[in-house]
$ cat entry-v8.tsv   # TSV, C-alpha atoms
chain	number	residue	atom	x	y	z
A	1	MET	CA	5.70	0.70	-24.43
A	2	ILE	CA	7.36	3.52	-22.44
A	3	PHE	CA	4.19	5.57	-22.74
A	4	LEU	CA	2.13	2.68	-21.35
A	5	LEU	CA	4.51	2.27	-18.41
A	6	ILE	CA	4.31	5.98	-17.61
A	7	LEU	CA	0.53	5.87	-17.89
A	8	PHE	CA	0.37	2.87	-15.56
A	9	ALA	CA	2.67	4.51	-13.02
A	10	SER	CA	0.66	7.73	-13.03
A	11	SER	CA	-2.63	5.87	-12.60
A	12	PHE	CA	-1.15	3.81	-9.76
A	13	CYS	CA	-0.26	7.01	-7.89
A	14	LEU	CA	-3.51	8.78	-8.77
A	15	VAL	CA	-5.26	10.41	-5.82
A	16	LEU	CA	-8.63	8.71	-5.35
A	17	TRP	CA	-9.97	10.97	-2.57
A	18	ILE	CA	-8.90	14.13	-0.79
A	19	LEU	CA	-10.46	14.66	2.64
A	20	ARG	CA	-9.86	17.43	5.17
A	21	ASP	CA	-10.13	17.50	8.96
A	22	SER	CA	-11.29	20.40	11.15
A	23	ASN	CA	-7.72	21.71	11.47
A	24	GLY	CA	-7.17	21.82	7.73
A	25	ARG	CA	-4.95	18.73	7.48
A	26	GLN	CA	-5.60	16.78	4.31
A	27	LEU	CA	-5.97	13.03	4.01
A	28	LEU	CA	-5.03	11.86	0.52
A	29	VAL	CA	-6.03	8.32	-0.44
A	30	PHE	CA	-4.09	6.58	-3.21
A	31	ARG	CA	-4.39	3.10	-4.71
A	32	ASP	CA	-1.44	1.84	-2.68
A	33	GLY	CA	-1.64	3.94	0.48
A	34	ILE	CA	-2.49	7.20	2.21
A	35	GLU	CA	-0.79	10.52	2.87
A	36	PHE	CA	-1.41	13.13	5.59
A	37	VAL	CA	-0.54	16.68	4.53
A	38	ARG	CA	-0.39	19.87	6.59
A	39	GLY	CA	1.43	22.78	4.99
A	40	SER	CA	4.80	21.54	3.77
A	41	ALA	CA	4.86	18.52	6.12
A	42	SER	CA	3.50	15.14	5.07
A	43	ILE	CA	3.40	11.53	6.25
A	44	ARG	CA	2.98	8.75	3.69
A	45	LEU	CA	1.89	5.21	4.63
A	46	ARG	CA	1.53	2.28	2.28
A	47	PHE	CA	-1.35	-0.07	3.04
A	48	THR	CA	1.08	-3.00	3.18
A	49	GLU	CA	3.05	-1.46	6.08
A	50	ILE	CA	0.00	-0.80	8.29
A	51	ASP	CA	-0.18	-3.36	11.10
A	52	VAL	CA	-2.74	-1.91	13.52
A	53	PHE	CA	-5.81	0.03	12.45
A	54	SER	CA	-8.79	1.38	14.39
A	55	PHE	CA	-11.89	3.13	13.08
A	56	GLN	CA	-14.54	5.02	15.05
A	57	ALA	CA	-17.72	6.72	13.82
A	58	ILE	CA	-19.63	8.28	16.71
A	59	SER	CA	-22.68	10.53	16.56
A	60	HIS	CA	-21.67	14.02	17.69
A	61	TYR	CA	-24.03	16.29	19.66
A	62	VAL	CA	-23.74	19.94	20.71
A	63	ASN	CA	-26.16	21.13	23.43
A	64	GLY	CA	-28.35	18.13	22.67
A	65	ALA	CA	-28.56	18.84	18.93
A	66	TYR	CA	-27.11	16.41	16.40
A	67	ALA	CA	-23.94	17.87	14.89
A	68	GLY	CA	-22.82	15.07	12.60
A	69	LEU	CA	-20.57	12.03	12.78
A	70	HIS	CA	-17.22	12.19	14.54
A	71	TYR	CA	-14.72	10.01	12.68
A	72	LYS	CA	-11.42	8.96	14.21
A	73	LEU	CA	-8.91	6.77	12.37
A	74	THR	CA	-5.64	5.48	13.85
A	75	PHE	CA	-2.86	3.82	11.87
A	76	GLN	CA	0.23	2.07	13.23
A	77	THR	CA	2.97	0.53	11.12
A	78	THR	CA	4.62	-2.88	11.43
A	79	ASN	CA	7.67	-1.26	13.03
A	80	HIS	CA	5.89	0.06	16.14
A	81	ASP	CA	9.02	1.37	17.85
A	82	SER	CA	10.23	3.65	15.08
A	83	ARG	CA	7.02	5.51	14.28
A	84	LYS	CA	4.20	6.77	16.49
A	85	PRO	CA	0.58	5.98	15.56
A	86	VAL	CA	-0.88	8.40	13.04
A	87	GLU	CA	-4.34	9.75	13.89
A	88	TRP	CA	-6.86	11.56	11.73
A	89	SER	CA	-10.32	12.80	12.72
A	90	SER	CA	-13.16	14.84	11.30
A	91	VAL	CA	-16.79	15.74	11.98
A	92	ASP	CA	-19.17	15.46	9.02
A	93	ASN	CA	-22.87	16.15	8.70
A	94	LYS	CA	-23.54	12.85	6.98
A	95	PRO	CA	-21.78	9.47	6.63
A	96	GLN	CA	-18.66	9.64	4.48
A	97	GLU	CA	-18.59	6.78	1.98
A	98	GLU	CA	-14.92	7.50	1.23
A	99	LEU	CA	-13.94	6.85	4.85
A	100	GLU	CA	-16.02	3.67	4.95
A	101	SER	CA	-14.30	2.49	1.77
A	102	LEU	CA	-10.90	3.34	3.25
A	103	LYS	CA	-11.78	1.36	6.37
A	104	ASP	CA	-12.65	-1.70	4.27
A	105	ARG	CA	-9.51	-1.34	2.15
A	106	VAL	CA	-7.10	-1.09	5.10
A	107	ALA	CA	-8.86	-3.86	7.05
A	108	PHE	CA	-8.69	-6.20	4.04
A	109	VAL	CA	-4.96	-5.65	3.48
A	110	VAL	CA	-4.10	-6.15	7.17
A	111	ALA	CA	-6.40	-9.21	7.35
A	112	LYS	CA	-4.55	-10.80	4.44
A	113	ARG	CA	-1.27	-10.50	6.34
A	114	LYS	CA	-2.86	-11.75	9.57
A	115	MET	CA	-4.16	-14.81	7.71
A	116	GLU	CA	-0.58	-15.63	6.73
A	117	ILE	CA	0.46	-15.34	10.38
A	118	LEU	CA	-2.46	-17.58	11.43
A	119	SER	CA	-1.48	-20.21	8.87
A	120	ALA	CA	2.14	-20.17	10.03
A	121	ARG	CA	1.67	-19.96	13.82
A	122	GLY	CA	-1.81	-21.40	14.40
A	123	SER	CA	-3.15	-18.30	16.14
A	124	VAL	CA	-3.30	-14.53	15.79
A	125	ASP	CA	-4.41	-11.74	18.11
A	126	TRP	CA	-7.69	-10.07	17.20
A	127	THR	CA	-8.33	-7.43	19.87
A	128	LYS	CA	-7.28	-7.21	23.50
A	129	GLY	CA	-8.10	-10.54	25.19
A	130	LEU	CA	-9.48	-12.08	21.99
A	131	THR	CA	-7.47	-14.59	19.92
A	132	ILE	CA	-8.34	-16.30	16.65
A	133	TYR	CA	-7.21	-19.89	16.13
A	134	ARG	CA	-7.68	-22.02	13.02
A	135	ASP	CA	-10.82	-23.64	14.47
A	136	ARG	CA	-11.99	-21.44	17.34
A	137	LEU	CA	-12.04	-18.13	19.19
A	138	SER	CA	-10.49	-17.72	22.61
A	139	CYS	CA	-11.72	-14.92	24.85
A	140	GLU	CA	-10.08	-13.83	28.08
A	141	PRO	CA	-12.41	-11.63	30.18
A	142	ASN	CA	-10.97	-8.38	31.48
A	143	THR	CA	-10.46	-9.39	35.10
A	144	PHE	CA	-7.71	-8.67	37.60
A	145	ARG	CA	-7.35	-12.38	38.37
A	146	LYS	CA	-6.70	-14.22	35.12
A	147	ASN	CA	-6.97	-17.97	35.70
A	148	VAL	CA	-7.25	-20.66	33.04
A	149	LYS	CA	-10.92	-21.13	33.93
A	150	ASP	CA	-11.58	-17.51	33.03
A	151	ARG	CA	-10.73	-18.16	29.38
A	152	ARG	CA	-13.74	-18.86	27.17
A	153	GLU	CA	-13.37	-21.05	24.08
A	154	LEU	CA	-15.84	-20.86	21.22
A	155	ARG	CA	-15.38	-23.26	18.32
A	156	PHE	CA	-16.42	-22.08	14.88
A	157	GLU	CA	-19.10	-24.75	14.53
A	158	GLU	CA	-20.72	-23.33	17.69
A	159	ILE	CA	-21.14	-19.87	16.16
A	160	GLU	CA	-24.63	-19.32	14.75
A	161	ARG	CA	-24.40	-15.63	13.85
A	162	VAL	CA	-22.37	-12.45	14.23
A	163	GLU	CA	-24.20	-9.13	14.63
A	164	ILE	CA	-23.06	-5.51	14.91
A	165	GLN	CA	-25.33	-3.25	16.96
A	166	LYS	CA	-24.60	0.18	18.43
A	167	ALA	CA	-20.84	0.02	17.82
A	168	SER	CA	-20.44	-3.44	19.36
A	169	CYS	CA	-20.04	-6.89	17.84
A	170	TYR	CA	-22.12	-9.74	19.28
A	171	ILE	CA	-21.27	-13.39	18.62
A	172	PHE	CA	-24.05	-15.89	19.36
A	173	ARG	CA	-24.30	-19.61	19.90
A	174	PRO	CA	-27.38	-21.42	18.48
A	175	ASN	CA	-30.62	-21.01	20.44
A	176	GLU	CA	-29.13	-18.49	22.89
A	177	ASN	CA	-30.45	-14.96	23.33
A	178	SER	CA	-27.38	-13.67	25.17
A	179	PRO	CA	-24.16	-13.34	23.16
A	180	ALA	CA	-21.25	-15.62	24.00
A	181	ILE	CA	-18.74	-12.87	23.15
A	182	VAL	CA	-19.10	-9.07	22.93
A	183	CYS	CA	-16.41	-6.90	21.35
A	184	PRO	CA	-16.41	-3.09	20.85
A	185	CYS	CA	-16.03	-2.10	17.20
A	186	ASP	CA	-13.60	0.72	18.02
A	187	GLU	CA	-10.94	-1.70	19.31
A	188	PRO	CA	-7.67	-1.74	17.33
A	189	ASN	CA	-7.86	-4.18	14.40
A	190	PHE	CA	-11.51	-5.02	15.07
A	191	TYR	CA	-12.50	-4.78	11.40
A	192	THR	CA	-9.38	-6.71	10.41
A	193	GLY	CA	-10.35	-9.57	12.72
A	194	LEU	CA	-13.96	-9.46	11.55
A	195	ILE	CA	-12.86	-10.06	7.95
A	196	LEU	CA	-10.57	-12.85	9.10
A	197	LEU	CA	-13.31	-14.49	11.17
A	198	SER	CA	-15.82	-14.24	8.32
A	199	SER	CA	-13.44	-16.02	5.94
A	200	LEU	CA	-12.86	-18.79	8.50
A	201	LEU	CA	-16.58	-19.24	9.16
A	202	LYS	CA	-17.47	-19.71	5.48
A	203	PRO	CA	-16.22	-23.33	5.33
A	204	GLN	CA	-18.29	-24.03	8.44
A	205	SER	CA	-21.40	-22.67	6.73
A	206	LYS	CA	-20.83	-24.96	3.76
A	207	ASN	CA	-20.48	-27.96	6.05
A	208	HIS	CA	-23.82	-27.16	7.70
A	209	ALA	CA	-25.61	-26.64	4.34

$ encode --input "entry-v8.tsv" --output "structure tokens"
Amino acid sequence: MIFLLILFASSFCLVLWILRDSNGRQLLVFRDGIEFVRGSASIRLRFTEIDVFSFQAISHYVNGAYAGLHYKLTFQTTNHDSRKPVEWSSVDNKPQEELESLKDRVAFVVAKRKMEILSARGSVDWTKGLTIYRDRLSCEPNTFRKNVKDRRELRFEEIERVEIQKASCYIFRPNENSPAIVCPCDEPNFYTGLILLSSLLKPQSKNHA
């Protein structure tokens, strides 16, 4: 029994991936979290304590020639005041499946916690100016004069499709060519909110079937 417990503990802490940025700092991905290592210094974050997460993958060019994908990941914990955001970036010649998998993992864990907040409070912030309610989205345009009439409501049954094109998310109403809402994918917690929205739209799809 003791052997099995030790084996389980070691497998739980097993390093799944080891990635390195341009400055030599390592990003270690475990089953329960991540660790940033440079020399003797390290920062360890569990997935369950990450509250804000952003992910960027931008094509990088040098003198007009393609030089790979520039990845930038930012993590912020639930206790925002006590710890600064942790950033990690790299440039790779081809898409990194490990980073995409990490993005999905972190977004899923944060989305699970945001769903609990939504169930308890009735609403949860998605990105800046965009709020998810139990039955609708509420979008406040980025204007200097923010009146009630500026706020745009979009009920879930009005949403026909959600598309991601050129690092932006487009949300469409039925029979409309122009999107009702546009959101950049590099916004903090974008992928978290996308998972949350997808789970809320599924019951709507069943009702329309």

$ closest_residue --input "entry-v8.tsv" --among "A:Ile132, A:Pro184, A:Phe55, A:Glu100" --to "Ser119 of chain A" --atoms "all atoms listed in the file"
A:Ile132

$ atom_distance --input "entry-v8.tsv" --atom1 "atom CA of Ser123 of chain A" --atom2 "atom CA of Ala111 of chain A"
13.1 Å

$ closest_atom_pairs --input "entry-v8.tsv" --of "segment 68-156 of chain A" --to "segment 20-23 of chain A" --cutoff "9 Å" --atoms "all atoms listed in the file" --output "tab-separated table"
residue	atom	partner	partner_atom	distance
A:Trp88	CA	A:Asp21	CA	7.3
A:Ser89	CA	A:Asp21	CA	6.0
A:Ser90	CA	A:Asp21	CA	4.7
A:Val91	CA	A:Ser22	CA	7.3

$ closest_residue --input "entry-v8.tsv" --among "A:Val106, A:Ile195, A:Ile164, A:Ile181" --to "Ser138 of chain A" --atoms "all atoms listed in the file"
A:Ile181

$ closest_residue --input "entry-v8.tsv" --among "A:Phe53, A:Tyr133, A:Phe30, A:Trp126" --to "Glu98 of chain A" --atoms "all atoms listed in the file"
A:Phe30

$ build_atoms --input "entry-v8.tsv" --residues "segment 163-185 of chain A" --atoms "N, CA and C atoms" --output "mmCIF file, in the coordinates of the input"
data_model
loop_
_atom_site.group_PDB
_atom_site.id
_atom_site.type_symbol
_atom_site.label_atom_id
_atom_site.label_comp_id
_atom_site.auth_asym_id
_atom_site.auth_seq_id
_atom_site.Cartn_x
_atom_site.Cartn_y
_atom_site.Cartn_z
ATOM 1 N N GLU A 163 -23.422 -10.341 14.861
ATOM 2 C CA GLU A 163 -24.200 -9.130 14.630
ATOM 3 C C GLU A 163 -23.441 -7.906 15.148
ATOM 4 N N ILE A 164 -23.617 -6.786 14.450
ATOM 5 C CA ILE A 164 -23.060 -5.510 14.910
ATOM 6 C C ILE A 164 -24.211 -4.580 15.237
ATOM 7 N N GLN A 165 -24.279 -4.145 16.499
ATOM 8 C CA GLN A 165 -25.330 -3.250 16.960
ATOM 9 C C GLN A 165 -24.721 -2.200 17.882
ATOM 10 N N LYS A 166 -25.021 -0.931 17.567
ATOM 11 C CA LYS A 166 -24.600 0.180 18.430
ATOM 12 C C LYS A 166 -23.106 0.114 18.756
ATOM 13 N N ALA A 167 -22.301 -0.023 17.718
ATOM 14 C CA ALA A 167 -20.840 0.020 17.820
ATOM 15 C C ALA A 167 -20.244 -1.129 18.614
ATOM 16 N N SER A 168 -20.965 -2.241 18.713
ATOM 17 C CA SER A 168 -20.440 -3.440 19.360
ATOM 18 C C SER A 168 -20.740 -4.654 18.500
ATOM 19 N N CYS A 169 -19.876 -5.645 18.582
ATOM 20 C CA CYS A 169 -20.040 -6.890 17.840
ATOM 21 C C CYS A 169 -20.488 -7.989 18.810
ATOM 22 N N TYR A 170 -21.560 -8.680 18.450
ATOM 23 C CA TYR A 170 -22.120 -9.740 19.280
ATOM 24 C C TYR A 170 -22.012 -11.071 18.542
ATOM 25 N N ILE A 171 -21.432 -12.066 19.205
ATOM 26 C CA ILE A 171 -21.270 -13.390 18.620
ATOM 27 C C ILE A 171 -22.135 -14.372 19.405
ATOM 28 N N PHE A 172 -23.043 -15.047 18.711
ATOM 29 C CA PHE A 172 -24.050 -15.890 19.360
ATOM 30 C C PHE A 172 -23.833 -17.374 19.078
ATOM 31 N N ARG A 173 -24.152 -18.177 20.092
ATOM 32 C CA ARG A 173 -24.300 -19.610 19.900
ATOM 33 C C ARG A 173 -25.738 -19.902 19.464
ATOM 34 N N PRO A 174 -26.014 -21.081 18.890
ATOM 35 C CA PRO A 174 -27.380 -21.420 18.480
ATOM 36 C C PRO A 174 -28.336 -21.451 19.672
ATOM 37 N N ASN A 175 -29.528 -20.938 19.455
ATOM 38 C CA ASN A 175 -30.620 -21.010 20.440
ATOM 39 C C ASN A 175 -30.301 -20.281 21.745
ATOM 40 N N GLU A 176 -29.429 -19.288 21.701
ATOM 41 C CA GLU A 176 -29.130 -18.490 22.890
ATOM 42 C C GLU A 176 -29.409 -17.027 22.602
ATOM 43 N N ASN A 177 -30.118 -16.372 23.504
ATOM 44 C CA ASN A 177 -30.450 -14.960 23.330
ATOM 45 C C ASN A 177 -29.315 -14.034 23.749
ATOM 46 N N SER A 178 -28.515 -14.476 24.706
ATOM 47 C CA SER A 178 -27.380 -13.670 25.170
ATOM 48 C C SER A 178 -26.139 -14.045 24.367
ATOM 49 N N PRO A 179 -25.360 -13.051 23.952
ATOM 50 C CA PRO A 179 -24.160 -13.340 23.160
ATOM 51 C C PRO A 179 -23.095 -14.058 23.979
ATOM 52 N N ALA A 180 -22.353 -14.927 23.333
ATOM 53 C CA ALA A 180 -21.250 -15.620 24.000
ATOM 54 C C ALA A 180 -20.048 -14.700 24.134
ATOM 55 N N ILE A 181 -19.865 -13.804 23.153
ATOM 56 C CA ILE A 181 -18.740 -12.870 23.150
ATOM 57 C C ILE A 181 -19.234 -11.507 22.675
ATOM 58 N N VAL A 182 -18.799 -10.438 23.340
ATOM 59 C CA VAL A 182 -19.100 -9.070 22.930
ATOM 60 C C VAL A 182 -17.783 -8.326 22.767
ATOM 61 N N CYS A 183 -17.653 -7.622 21.636
ATOM 62 C CA CYS A 183 -16.410 -6.900 21.350
ATOM 63 C C CYS A 183 -16.733 -5.515 20.812
ATOM 64 N N PRO A 184 -16.185 -4.440 21.389
ATOM 65 C CA PRO A 184 -16.410 -3.090 20.850
ATOM 66 C C PRO A 184 -15.802 -2.943 19.460
ATOM 67 N N CYS A 185 -16.507 -2.267 18.571
ATOM 68 C CA CYS A 185 -16.030 -2.100 17.200
ATOM 69 C C CYS A 185 -14.876 -1.108 17.081
#
